[in-house]
Amino acid sequence: MSVFFRTLSLLLGFFSAQIEADEKEVNAAGWGTPSQSAVYYDWYPQKALDLNPSTCTYIPAQTNPWWRLDLLKVYTVNRVVITNRLDCCSESINGAEIRVGNVSPDAFSNPICAVISSIPAGVSYSYSCNRMEGRYVSVVIPGTSKILTLCEVKVYVVYPGNLAAGGSVTQSSTLTSWIAEQAIDFNPGFTQPSLACSSTTNQTDPWWRLDMRHIYRVSNVVITNRNDCCPEQINGAEIHIGNSLENNGNNNPVCAVISSIPAGDSSTYTCNDMEGRYVNLIIPGDSRVLTLCEVEVYGEGPCLKQTFVKLKLKSSSNLSDAAARARLLTQLESVLVGRGISGVKLRWSQLPKQAVMRKEAAAAQCGGRK
């Protein structure tokens with residue numbers, strides 16, 4: 001079989017990979033503030049959140065005892081994990097209801113996630129809430145002369161499709177422990193902002209940048225403002241999206257300008273499928289501080305625009321054959337996977353054109369005999 005070169009002009013039409021961003025499940029219980037219907041000595045409601053199952057909260061016998069966690073904002077609750085006491089009285093948890101919703105202070109008004117039939121002493125059981133939406137998570141025991149003891153409560157919330165989750169971040173300067181990564185840690189920092197929010201120092205044109213590692217079409221960006229103080233510091237911040245790192249990415253097109261966000265609130269900004277790898281926030285001006293307690297990015301991708309690829313193959317394959325064309329696309333898909341773009345399915349939008357350039361052997365040059 002002869003071997004020769006073919007020069008191919010290959011058109012890969014526009015394609016995009018509909019890859020869902022990894023769904024992140026996070027224990028949000030420690031972000032909120034707990035309360036309960038009564039406190040017995042030092043069995044405080046916070047002891048159900050200290051990640052130490054040997055310290056518990058306890059409500060003495062009463063009618064309809066309850067423990068409630070205020071997550072301080074609405075979340076999608078995927079599941080709740082309850083740890084029962086080890087020393088005694090394991091049956092005291094029997095019949096407890098886990099409720100999730102937005103009604104406060106009535107612990108019995110919100111929908112039921114699950115009813116606890118029983119939990120063995122010292123054991124943790126997980127209860128699925130099937131993505132119930134709510135700010136408040138309550139554990140209540142209906143009835144008279146009931147005792148409620150909780151040694152640990154974990155509330156797992158989900159962030160489906162948040163593109164910020166897989167990215168890397170940096171910022172123009174860092175105020176002590178307020179590192180850039182804390183703006184994408186899923187913790188809004190309502191109780192300990194210095195350990196859950198990012199912040200620059202006081203400077204000119206402070207900025208924060210997210211590298212999503214691939215190009216996405218961004219539909220929305222959600223910004224959560226700090227809750228402890230200074231909510232006006234976010235005023236005038238610009239959201240930029242694009243592919244350039246010129247001026248640290250701050251020259252990319254503007255998605256939105258933040259006029260203001262109330263303390264502890266989250267605001268959503270529509271970006272109309274702007275394409276880009278980088279999401280920047282910058283506050284133009286002198287003596288400014290940029291603090292971000294959470295940044296979420298939603299959209300689809302990774303995506304590649306129409307791309308022309310010229311290949312020079314050493315092969316005797318005939319690309320007029322459908323099987324040969326399919327093999328070539330499979331090879332290209334493998335290359336993309338090697339570069340971190342998975343879930344891509346390529347197809348021909350136009351059949352490849354080919355021009356065969358076969359170099360003929362030069363005529364032998366023989367010296368004449370005299």
# chains A, B, ... in the order shown; residues from 1 in each chain; ligands from 1

$ select_by_dssp --residues "segment 174-337 of chain A" --states "alpha helix (DSSP H)" --output "ChimeraX atom specification"
/A:322-337

$ residues_around --residues "segment 122-138 of chain A" --least-positions-apart "4" --cutoff "6 Å" --atoms "only C-alpha atoms" --output "list in words"
Trp67, Arg68, Leu69, Asp70, Leu71, Lys73, Val74, Tyr75, Thr76, Val77, Asn78, Arg79, Val80, Val81, Ile82, Thr83, Asn84, Arg85, Leu86, Ile98, Arg99, Val100, Gly101, Asn102 and Cys113 of chain A

$ residues_around --residues "Asp211 of chain A" --least-positions-apart "3" --cutoff "6 Å" --atoms "only C-alpha atoms" --output "CSV table (one decimal) with N, CA, C and O atoms, in the first residue's frame"
chain,number,residue,atom,x,y,z
A,167,GLY,N,-13.1,26.6,39.8
A,167,GLY,CA,-12.1,27.6,39.3
A,167,GLY,C,-11.0,27.9,40.3
A,167,GLY,O,-11.0,27.4,41.4
A,168,SER,N,-10.1,28.8,39.9
A,168,SER,CA,-9.1,29.3,40.8
A,168,SER,C,-9.2,30.8,40.8
A,168,SER,O,-9.7,31.5,39.9
A,278,TYR,N,-12.8,34.3,32.2
A,278,TYR,CA,-12.5,35.1,33.5
A,278,TYR,C,-13.7,35.9,33.9
A,278,TYR,O,-14.3,36.5,33.1

$ atom_distance --atom1 "atom CA of Gly30 of chain A" --atom2 "atom CA of Val153 of chain A"
9.4 Å

$ closest_residue --among "A:Gly276, A:Gly236, A:Gly264, A:Gly189" --to "Gly299 of chain A" --atoms "only C-alpha atoms"
A:Gly276

$ residues_around --residues "segment 246-250 of chain A" --least-positions-apart "6" --cutoff "8 Å" --atoms "only C-alpha atoms" --output "JSON, numbers by chain"
{"A": [207, 209, 240, 278, 279, 280, 281, 282]}

$ closest_residue --among "A:Ser259, A:Asn162, A:Gln331, A:Asn251" --to "Glu294 of chain A" --atoms "only C-alpha atoms"
A:Asn162

$ closest_residue --among "A:Asp205, A:Val26, A:Trp66, A:Ser287" --to "Tyr156 of chain A" --atoms "only C-alpha atoms"
A:Val26

$ closest_residue --among "A:Ala107, A:Val139, A:Leu49, A:Val157" --to "Ile93 of chain A" --atoms "only C-alpha atoms"
A:Val139

$ atom_distance --atom1 "atom CA of Glu300 of chain A" --atom2 "atom CA of Ser219 of chain A"
7.9 Å

$ residues_around --residues "Asn64 of chain A" --least-positions-apart "3" --cutoff "10 Å" --atoms "only C-alpha atoms" --output "list in words"
Ser37, Ala61, Ala96, Ala107, Phe108, Val140, Ile141, Pro142, Gly143, Thr144, Ser145, Lys146, Ile147 and Leu148 of chain A

$ closest_residue --among "A:Ile283, A:Cys56, A:Cys230, A:Ala28" --to "Ser172 of chain A" --atoms "only C-alpha atoms"
A:Ile283

$ closest_residue --among "A:Cys88, A:Thr204, A:Ala183, A:Glu296" --to "Thr268 of chain A" --atoms "only C-alpha atoms"
A:Glu296
